[in-house]
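Participant: Pasting start.cif here (mmCIF, C-alpha atoms):
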data_structure
#
loop_
_atom_site.label_atom_id
_atom_site.label_comp_id
_atom_site.auth_asym_id
_atom_site.auth_seq_id
_atom_site.Cartn_x
_atom_site.Cartn_y
_atom_site.Cartn_z
CA MET A 1 -11.20 65.23 13.74
CA SER A 2 -14.29 63.22 12.77
CA PRO A 3 -13.94 59.57 11.64
CA LEU A 4 -15.08 60.49 8.14
CA SER A 5 -12.50 63.24 7.74
CA ARG A 6 -9.72 60.75 8.49
CA ARG A 7 -10.77 58.44 5.65
CA ARG A 8 -9.45 58.72 2.12
CA LEU A 9 -12.05 60.27 -0.18
CA LEU A 10 -12.84 59.14 -3.72
CA TYR A 11 -13.98 61.49 -6.47
CA GLY A 12 -16.63 61.25 -9.16
CA ALA A 13 -16.93 58.01 -11.11
CA ALA A 14 -14.20 56.40 -9.01
CA ALA A 15 -16.72 56.20 -6.17
CA LEU A 16 -18.80 53.80 -8.25
CA GLY A 17 -16.10 51.13 -7.95
CA LEU A 18 -15.14 48.50 -10.49
CA LEU A 19 -15.71 44.78 -10.86
CA GLY A 20 -14.26 42.55 -13.53
CA GLY A 21 -10.83 41.40 -14.57
CA CYS A 22 -8.55 42.26 -17.44
CA GLY A 23 -10.44 42.48 -20.70
CA SER A 24 -13.89 42.26 -19.08
CA PRO A 25 -16.42 45.11 -18.87
CA ALA A 26 -16.13 47.52 -15.93
CA ARG A 27 -19.15 46.81 -13.75
CA GLN A 28 -20.54 49.05 -11.07
CA ALA A 29 -20.11 48.18 -7.41
CA GLY A 30 -23.12 47.62 -5.17
CA VAL A 31 -24.52 44.81 -7.34
CA ALA A 32 -22.40 41.67 -6.96
CA THR A 33 -20.17 43.03 -4.17
CA PRO A 34 -20.95 41.65 -0.70
CA GLN A 35 -24.07 43.27 0.70
CA GLN A 36 -23.38 45.88 3.37
CA LEU A 37 -25.39 46.67 6.49
CA HIS A 38 -26.79 50.12 5.70
CA CYS A 39 -28.07 51.83 2.58
CA ASP A 40 -29.60 55.06 1.33
CA VAL A 41 -31.73 54.63 -1.80
CA SER A 42 -33.17 57.59 -3.67
CA VAL A 43 -34.92 58.21 -6.99
CA TRP A 44 -34.60 61.52 -8.82
CA ASP A 45 -35.68 63.57 -11.80
CA ALA A 46 -32.06 64.43 -12.56
CA ALA A 47 -29.46 63.55 -15.17
CA GLU A 48 -26.47 62.68 -12.99
CA ILE A 49 -24.95 62.81 -9.53
CA PRO A 50 -22.42 65.51 -8.54
CA LYS A 51 -18.74 64.72 -9.02
CA VAL A 52 -17.70 65.18 -5.42
CA PRO A 53 -15.53 63.26 -2.91
CA VAL A 54 -17.07 60.50 -0.81
CA SER A 55 -15.67 58.08 1.77
CA GLU A 56 -13.94 54.94 0.52
CA ALA A 57 -16.15 53.06 3.01
CA VAL A 58 -19.17 53.34 0.72
CA THR A 59 -20.21 51.67 -2.53
CA VAL A 60 -22.22 53.81 -4.92
CA THR A 61 -24.52 52.50 -7.64
CA VAL A 62 -26.19 54.75 -10.21
CA GLY A 63 -28.88 53.88 -12.75
CA HIS A 64 -31.04 55.55 -15.39
CA GLY A 65 -34.78 55.08 -15.65
CA ILE A 66 -36.31 52.64 -18.14
CA ASP A 67 -39.87 51.85 -19.14
CA GLY A 68 -41.62 48.49 -19.06
CA LEU A 69 -42.37 47.91 -15.39
CA PRO A 70 -46.17 47.53 -15.19
CA GLU A 71 -48.51 48.56 -12.40
CA PHE A 72 -49.32 45.32 -10.64
CA PRO A 73 -52.65 44.48 -8.97
CA GLY A 74 -52.46 45.45 -5.32
CA ASP A 75 -49.87 48.20 -5.83
CA ARG A 76 -50.59 51.55 -4.25
CA VAL A 77 -48.13 53.67 -6.20
CA SER A 78 -48.90 57.17 -7.38
CA GLY A 79 -47.28 60.46 -8.38
CA LEU A 80 -43.57 60.79 -7.76
CA CYS A 81 -43.33 57.26 -6.37
CA ARG A 82 -43.64 55.66 -9.80
CA GLY A 83 -40.67 55.66 -12.17
CA GLY A 84 -37.90 58.23 -12.18
CA SER A 85 -34.88 59.32 -14.21
CA LEU A 86 -32.02 58.57 -11.82
CA PHE A 87 -31.42 55.85 -9.21
CA LEU A 88 -28.83 56.38 -6.47
CA GLN A 89 -27.88 53.57 -4.09
CA ILE A 90 -25.28 54.21 -1.38
CA CYS A 91 -24.22 51.30 0.87
CA SER A 92 -21.76 50.83 3.71
CA ASP A 93 -21.29 49.01 6.98
CA ASP A 94 -20.86 52.48 8.51
CA PRO A 95 -24.16 54.41 8.75
CA ASP A 96 -22.31 57.72 9.16
CA ALA A 97 -20.47 57.13 5.88
CA VAL A 98 -23.81 56.45 4.16
CA ARG A 99 -25.36 59.64 5.49
CA ASP A 100 -22.34 61.75 4.57
CA ALA A 101 -22.18 60.34 1.02
CA ALA A 102 -25.94 60.82 0.56
CA VAL A 103 -25.58 64.53 1.33
CA ARG A 104 -22.59 64.91 -0.98
CA LEU A 105 -23.95 62.92 -3.93
CA SER A 106 -27.56 64.10 -3.98
CA PRO A 107 -28.42 66.20 -7.03
CA PRO A 108 -29.40 69.80 -6.19
CA SER A 109 -33.06 69.20 -7.04
CA GLY A 110 -35.56 66.69 -8.39
CA LEU A 111 -35.94 64.23 -5.51
CA ARG A 112 -38.88 61.86 -6.00
CA TRP A 113 -38.44 59.67 -2.93
CA ARG A 114 -35.74 58.45 -0.56
CA GLU A 115 -35.48 55.64 1.98
CA GLN A 116 -32.81 54.53 4.46
CA GLY A 117 -32.49 50.77 4.85
CA PHE A 118 -30.67 48.34 7.09
CA ARG A 119 -29.90 44.64 7.44
CA ARG A 120 -30.15 42.83 10.73
CA ALA A 121 -27.21 40.74 11.90
CA ASP A 122 -29.31 37.57 11.55
CA ASN A 123 -30.65 38.63 8.09
CA ARG A 124 -34.27 38.57 9.29
CA ASN A 125 -36.82 40.85 7.70
CA THR A 126 -39.33 43.08 9.47
CA LEU A 127 -41.73 40.12 9.82
CA GLY A 128 -39.09 38.08 11.65
CA PHE A 129 -38.24 35.62 8.86
CA VAL A 130 -35.18 34.92 6.74
CA ASP A 131 -36.43 35.10 3.16
CA GLY A 132 -33.98 32.86 1.29
CA ILE A 133 -35.25 32.65 -2.28
CA VAL A 134 -32.84 31.07 -4.78
CA VAL A 135 -30.31 33.62 -6.10
CA PRO A 136 -27.28 33.41 -8.41
CA LYS A 137 -24.12 32.85 -6.36
CA THR A 138 -21.17 31.80 -8.52
CA PRO A 139 -19.42 34.10 -11.01
CA GLU A 140 -20.80 31.92 -13.81
CA GLU A 141 -24.37 32.27 -12.51
CA LEU A 142 -23.95 36.04 -12.15
CA ASP A 143 -22.69 36.29 -15.73
CA GLN A 144 -25.64 34.23 -16.96
CA GLU A 145 -28.43 35.77 -14.86
CA VAL A 146 -27.38 39.30 -13.84
CA TRP A 147 -24.77 40.90 -16.08
CA LEU A 148 -25.27 41.80 -19.73
CA PRO A 149 -22.26 41.45 -22.08
CA ASP A 150 -21.56 45.21 -21.95
CA GLY A 151 -21.24 45.19 -18.15
CA SER A 152 -24.69 46.61 -17.45
CA THR A 153 -27.63 45.14 -15.52
CA ILE A 154 -31.28 45.98 -14.83
CA ALA A 155 -32.43 47.03 -11.36
CA VAL A 156 -35.96 46.91 -9.95
CA VAL A 157 -36.60 49.00 -6.83
CA ARG A 158 -39.83 48.72 -4.87
CA ARG A 159 -40.68 50.14 -1.45
CA ILE A 160 -43.10 47.76 0.26
CA GLU A 161 -45.15 48.50 3.36
CA LEU A 162 -45.65 45.44 5.56
CA ASP A 163 -48.61 44.96 7.88
CA VAL A 164 -46.44 43.74 10.73
CA ALA A 165 -49.20 43.91 13.35
CA ALA A 166 -51.59 41.71 11.38
CA PHE A 167 -48.92 39.19 10.38
CA THR A 168 -47.36 38.79 13.82
CA ALA A 169 -50.83 38.36 15.35
CA LEU A 170 -51.11 35.06 13.44
CA PRO A 171 -50.09 31.79 15.13
CA VAL A 172 -46.46 30.95 14.39
CA GLY A 173 -47.52 27.86 12.46
CA GLU A 174 -49.61 29.99 10.10
CA GLN A 175 -46.76 32.48 9.66
CA GLU A 176 -44.49 29.59 8.71
CA ARG A 177 -47.06 28.20 6.28
CA ILE A 178 -47.28 31.60 4.56
CA PHE A 179 -43.50 31.85 4.15
CA GLY A 180 -42.84 28.15 3.63
CA ARG A 181 -40.07 28.30 6.24
CA HIS A 182 -39.59 27.67 9.93
CA ARG A 183 -39.30 30.98 11.73
CA ASP A 184 -36.63 29.98 14.27
CA THR A 185 -34.26 28.00 12.06
CA ALA A 186 -35.06 29.56 8.64
CA ASP A 187 -35.10 26.02 7.20
CA PRO A 188 -37.69 25.32 4.48
CA LEU A 189 -40.71 23.36 5.64
CA SER A 190 -39.38 20.61 3.37
CA GLY A 191 -36.31 20.21 5.60
CA PRO A 192 -32.76 21.60 5.99
CA GLY A 193 -30.89 22.70 2.87
CA GLU A 194 -32.38 23.89 -0.39
CA VAL A 195 -36.15 24.18 -0.82
CA ASP A 196 -37.68 20.92 -2.05
CA LEU A 197 -40.88 21.94 -3.83
CA MET A 198 -41.77 18.31 -4.56
CA ALA A 199 -41.65 17.08 -0.94
CA LYS A 200 -44.96 15.57 0.18
CA THR A 201 -46.56 14.44 3.41
CA PRO A 202 -47.56 10.77 3.93
CA ASP A 203 -51.05 11.86 2.84
CA GLY A 204 -49.73 13.06 -0.51
CA GLU A 205 -50.02 16.80 0.22
CA TYR A 206 -47.17 19.15 -0.65
CA VAL A 207 -45.15 19.99 2.46
CA ILE A 208 -44.70 23.54 1.18
CA PRO A 209 -48.23 24.87 0.53
CA ALA A 210 -49.29 25.96 -2.92
CA ASP A 211 -49.60 29.61 -1.81
CA ALA A 212 -46.39 29.73 0.29
CA HIS A 213 -44.02 32.56 -0.61
CA VAL A 214 -41.01 30.30 -1.20
CA ARG A 215 -43.03 28.35 -3.77
CA ARG A 216 -44.67 31.28 -5.56
CA ALA A 217 -41.44 33.30 -5.81
CA ASN A 218 -39.25 30.36 -6.80
CA PRO A 219 -37.87 30.68 -10.36
CA LEU A 220 -38.86 27.07 -11.09
CA MET A 221 -42.50 28.05 -10.52
CA SER A 222 -42.44 31.38 -12.35
CA GLY A 223 -40.56 30.08 -15.39
CA SER A 224 -38.18 33.03 -15.13
CA GLY A 225 -34.46 33.43 -14.64
CA LEU A 226 -32.75 34.14 -11.34
CA MET A 227 -32.77 37.56 -9.72
CA LEU A 228 -30.01 38.83 -7.46
CA ARG A 229 -31.98 40.17 -4.51
CA ARG A 230 -30.29 42.77 -2.32
CA SER A 231 -33.19 43.95 -0.18
CA TYR A 232 -33.11 45.98 3.03
CA ASN A 233 -35.48 46.53 5.93
CA TYR A 234 -36.78 50.00 6.65
CA ALA A 235 -39.01 51.33 9.43
CA GLY A 236 -42.24 50.57 7.57
CA GLY A 237 -41.35 47.37 5.79
CA LEU A 238 -39.08 46.16 3.00
CA LEU A 239 -36.96 48.05 0.50
CA PHE A 240 -36.89 45.48 -2.31
CA ILE A 241 -33.96 45.71 -4.75
CA SER A 242 -33.18 43.14 -7.41
CA PHE A 243 -30.73 42.96 -10.31
CA GLN A 244 -31.30 40.85 -13.42
CA ARG A 245 -30.41 40.71 -17.11
CA GLU A 246 -33.99 41.23 -18.26
CA LEU A 247 -36.88 43.15 -16.77
CA LYS A 248 -39.23 40.28 -17.62
CA THR A 249 -37.43 38.13 -15.03
CA PHE A 250 -38.92 40.28 -12.27
CA VAL A 251 -42.23 40.86 -14.08
CA ASN A 252 -42.89 37.14 -14.62
CA THR A 253 -42.03 36.40 -11.00
CA MET A 254 -44.32 39.14 -9.73
CA PHE A 255 -47.29 37.97 -11.78
CA ARG A 256 -46.75 34.45 -10.48
CA MET A 257 -46.83 35.80 -6.92
CA ILE A 258 -49.97 37.84 -7.58
CA ASP A 259 -51.64 34.65 -8.75
CA GLY A 260 -51.60 33.23 -5.25
CA ASP A 261 -48.78 34.25 -2.86
CA ALA A 262 -50.28 34.35 0.64
CA LEU A 263 -47.61 36.82 1.79
CA LEU A 264 -48.98 39.56 -0.47
CA ARG A 265 -51.99 39.91 1.85
CA TYR A 266 -49.59 41.63 4.24
CA ALA A 267 -47.50 43.60 1.71
CA THR A 268 -48.38 46.75 -0.24
CA THR A 269 -45.98 48.31 -2.74
CA THR A 270 -45.93 52.11 -2.48
CA SER A 271 -42.95 52.98 -4.72
CA SER A 272 -41.84 51.22 -7.90
CA ALA A 273 -39.27 51.84 -10.65
CA ALA A 274 -36.81 50.13 -12.99
CA PHE A 275 -33.37 51.30 -14.07
CA ARG A 276 -30.49 50.35 -16.31
CA ILE A 277 -27.25 50.20 -14.34
CA PRO A 278 -24.64 51.06 -17.00
CA PRO A 279 -21.01 49.94 -16.95
CA VAL A 280 -18.43 52.33 -15.57
CA SER A 281 -17.16 54.48 -18.45
#
Using structure tokens, write down the structure that the file contains.
Facilitator:
Amino acid sequence: MSPLSRRRLLYGAAALGLLGGCGSPARQAGVATPQQLHCDVSVWDAAEIPKVPVSEAVTVTVGHGIDGLPEFPGDRVSGLCRGGSLFLQICSDDPDAVRDAAVRLSPPSGLRWREQGFRRADNRNTLGFVDGIVVPKTPEELDQEVWLPDGSTIAVVRRIELDVAAFTALPVGEQERIFGRHRDTADPLSGPGEVDLMAKTPDGEYVIPADAHVRRANPLMSGSGLMLRRSYNYAGGLLFISFQRELKTFVNTMFRMIDGDALLRYATTTSSAAFRIPPVS
């Protein structure tokens, strides 16, 4: 008997999971639940996923397409890779459970694009860095920055190709300057702990350069709220996923990055969409 066949299976909406206590909205899993090691993300022209059994080892998140995500300078998104009606995110620490659930839950037609992602044990991305931008962590921060009162949230999903060869050909010091972090320790250039954007050298220069990624993407610099980032690596780069109360949180951050983030010279977005993640009904 296969490992999957020995696991208890969950049907239909039960596979989406629930978060929230007595009297609070039922929130979908796969948002604030601990991030798992493997994922399958797909975007569809479909109304819903099939009501079929899946392994209890997976978390399933479903969203419905919304408008308002602009085409940003530097994007290379066309055709079926822009927008979509249905978002399906399947996550698990067991890659076999992810693959099995993806087969079971995929609508019969209408696939726009699909990507399988993974997290490394040390949380490094494809460029070899730990990208630790400020995110909401406490239940209070999640309620303020991620969840809407009805138990829904907004997801942004972008598939980003990374020019790994060009980036890794740079001297390590230049790589660190672009990220604003030390590659080996993942500490900010400003020192251990949280990023200190005001730290200066004895000559009065900012320790974290003006075009460093950790500065340009920091919510203090973009004037936006916090995003809950749950990104994954894939063979060609980064599968960026963020959850926030308002779409403008991501949009404002992205425009701030476009205005001078050195990392974007090595990153090209090839798929882009936004979705409302409704509460579990």
Participant: Could you jot down the CA of Gln244 in chain A to CA of Leu228 in chain A separation for me, Å, one decimal place?
Facilitator: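 According to the coordinates, CA of Gln244 in chain A and CA of Leu228 in chain A are separated by 6.4 Å.
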Participant: Expand the PyMOL selection byres ((chain A and resi 118-135) around 7) into the explicit residue set it covers here, and present it as a VMD selection string.
Facilitator: chain A and resid 37 to 39 117 136 to 137 164 183 186 214 218 226 to 229 232 to 234 237
Participant: For Asp100 in chain A, which residue among A:Asp150, A:Asp40, A:Glu145, A:Glu194 is the nearest when counting all atoms listed in the file?
Facilitator: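 Residue with the minimum atom-to-atom distance to Asp100 in chain A: A:Asp40.
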Participant: CA of Asp187 in chain A and CA of Gly173 in chain A are how many Å apart?
Facilitator: 13.6 Å
Participant: Please enumerate the residues selected by the PyMOL selection byres ((chain A and resi 143) around 12) when evaluated against the supplied file, formatted as a PyMOL selection string.
Facilitator: chain A and resi 20+24-25+27+32+136-142+144-153+226-228+243-245
Participant: Pull C-alpha atoms from the residues just selected and write them as a CSV table (one decimal), keeping the file's coordinate frame.
Facilitator:
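Contents of again09.csv, as written:
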chain,number,residue,atom,x,y,z
A,20,GLY,CA,-14.3,42.6,-13.5
A,24,SER,CA,-13.9,42.3,-19.1
A,25,PRO,CA,-16.4,45.1,-18.9
A,27,ARG,CA,-19.2,46.8,-13.8
A,32,ALA,CA,-22.4,41.7,-7.0
A,136,PRO,CA,-27.3,33.4,-8.4
A,137,LYS,CA,-24.1,32.8,-6.4
A,138,THR,CA,-21.2,31.8,-8.5
A,139,PRO,CA,-19.4,34.1,-11.0
A,140,GLU,CA,-20.8,31.9,-13.8
A,141,GLU,CA,-24.4,32.3,-12.5
A,142,LEU,CA,-24.0,36.0,-12.2
A,144,GLN,CA,-25.6,34.2,-17.0
A,145,GLU,CA,-28.4,35.8,-14.9
A,146,VAL,CA,-27.4,39.3,-13.8
A,147,TRP,CA,-24.8,40.9,-16.1
A,148,LEU,CA,-25.3,41.8,-19.7
A,149,PRO,CA,-22.3,41.4,-22.1
A,150,ASP,CA,-21.6,45.2,-22.0
A,151,GLY,CA,-21.2,45.2,-18.2
A,152,SER,CA,-24.7,46.6,-17.4
A,153,THR,CA,-27.6,45.1,-15.5
A,226,LEU,CA,-32.8,34.1,-11.3
A,227,MET,CA,-32.8,37.6,-9.7
A,228,LEU,CA,-30.0,38.8,-7.5
A,243,PHE,CA,-30.7,43.0,-10.3
A,244,GLN,CA,-31.3,40.8,-13.4
A,245,ARG,CA,-30.4,40.7,-17.1
Participant: Kindly provide the residues of range 44-70 of chain A that approach range 74-87 of chain A to within 6 Å, each paired with its closest atom pair and their distance in Å to one decimal, based on only C-alpha atoms, listed by chain and increasing number, as a tab-separated table.
Facilitator:
residue	atom	partner	partner_atom	distance
A:Trp44	CA	A:Leu86	CA	4.9
A:Asp45	CA	A:Ser85	CA	5.0
A:Ala46	CA	A:Leu86	CA	5.9
A:Val62	CA	A:Phe87	CA	5.4
A:Gly63	CA	A:Phe87	CA	4.8
A:His64	CA	A:Leu86	CA	4.8
A:Gly65	CA	A:Ser85	CA	4.5
Participant: For each of A:Ser109, A:Thr168, A:Gln116, A:Thr59, take the minimum atom-to-atom distance to Cys91 in chain A, counting only C-alpha atoms, then give the residue where this is smallest.
Facilitator: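 Comparing A:Ser109, A:Thr168, A:Gln116, A:Thr59 against Cys91 in chain A, the winner is A:Thr59.
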Participant: Between A:Arg265, A:Arg276, A:Arg114, A:Ala165, which one has atoms that come closest to Ser242 in chain A, using all atoms listed in the file?
Facilitator: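 Among the listed residues, A:Arg276 lies closest to Ser242 in chain A.
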Participant: Could you check which of A:Arg177, A:Val156, A:Gly193, A:Ile49 is closest to Tyr206 in chain A, using only C-alpha atoms?
Facilitator: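 Closest to Tyr206 in chain A of all the choices is A:Arg177.
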Participant: With only C-alpha atoms as the atoms that count, which of A:Ala274, A:Val103, A:Ala267, A:Ile160 lies nearest to Val52 in chain A?
Facilitator: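 Residue with the minimum atom-to-atom distance to Val52 in chain A: A:Val103.
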Participant: Evaluate the PyMOL selection byres ((chain A and resi 102) around 10) against this structure - the residues, as a list in words, please.
Facilitator: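 Here the PyMOL selection byres ((chain A and resi 102) around 10) matches Cys39, Asp40, Val41, Ser42, Val54, Val60, Leu88, Gln89, Ile90, Cys91, Asp96, Ala97, Val98, Arg99, Asp100, Ala101, Val103, Arg104, Leu105, Ser106 and Pro107 of chain A.
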Participant: Would you compute the distance between CA of Thr61 in chain A and CA of Ser224 in chain A? Give it in Å to one decimal.
Facilitator: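 So the answer is 24.9 Å.
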Participant: Taking all atoms of range 38-42 of chain A that the file lists and extending 4 Å past them on each side, where is the centre of the axis-aligned box and how long are its edges? Answer in Å to one decimal, as lines of an AutoDock Vina configuration file.
Facilitator:
center_x = -30.0
center_y = 53.9
center_z = 1.0
size_x = 14.4
size_y = 15.5
size_z = 17.4
Participant: Can you write out as a Markdown table which residues of range 55-150 of chain A fall within 9 Å of range 249-256 of chain A, alongside each residue's closest atom pair and its distance in Å to one decimal, counting only C-alpha atoms and ordering rows by chain and ascending residue number?
Facilitator:
| residue | atom | partner | partner_atom | distance |
| --- | --- | --- | --- | --- |
| A:Leu69 | CA | A:Val251 | CA | 7.2 |
| A:Pro70 | CA | A:Val251 | CA | 7.8 |
| A:Phe72 | CA | A:Phe255 | CA | 7.7 |
| A:Pro73 | CA | A:Phe255 | CA | 8.9 |
Participant: Which is closest to Arg181 in chain A among A:Lys248, A:Arg112, A:His213, A:Lys200, if we use only C-alpha atoms?
Facilitator: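 Ranking A:Lys248, A:Arg112, A:His213, A:Lys200 by distance to Arg181 in chain A, first place goes to A:His213.
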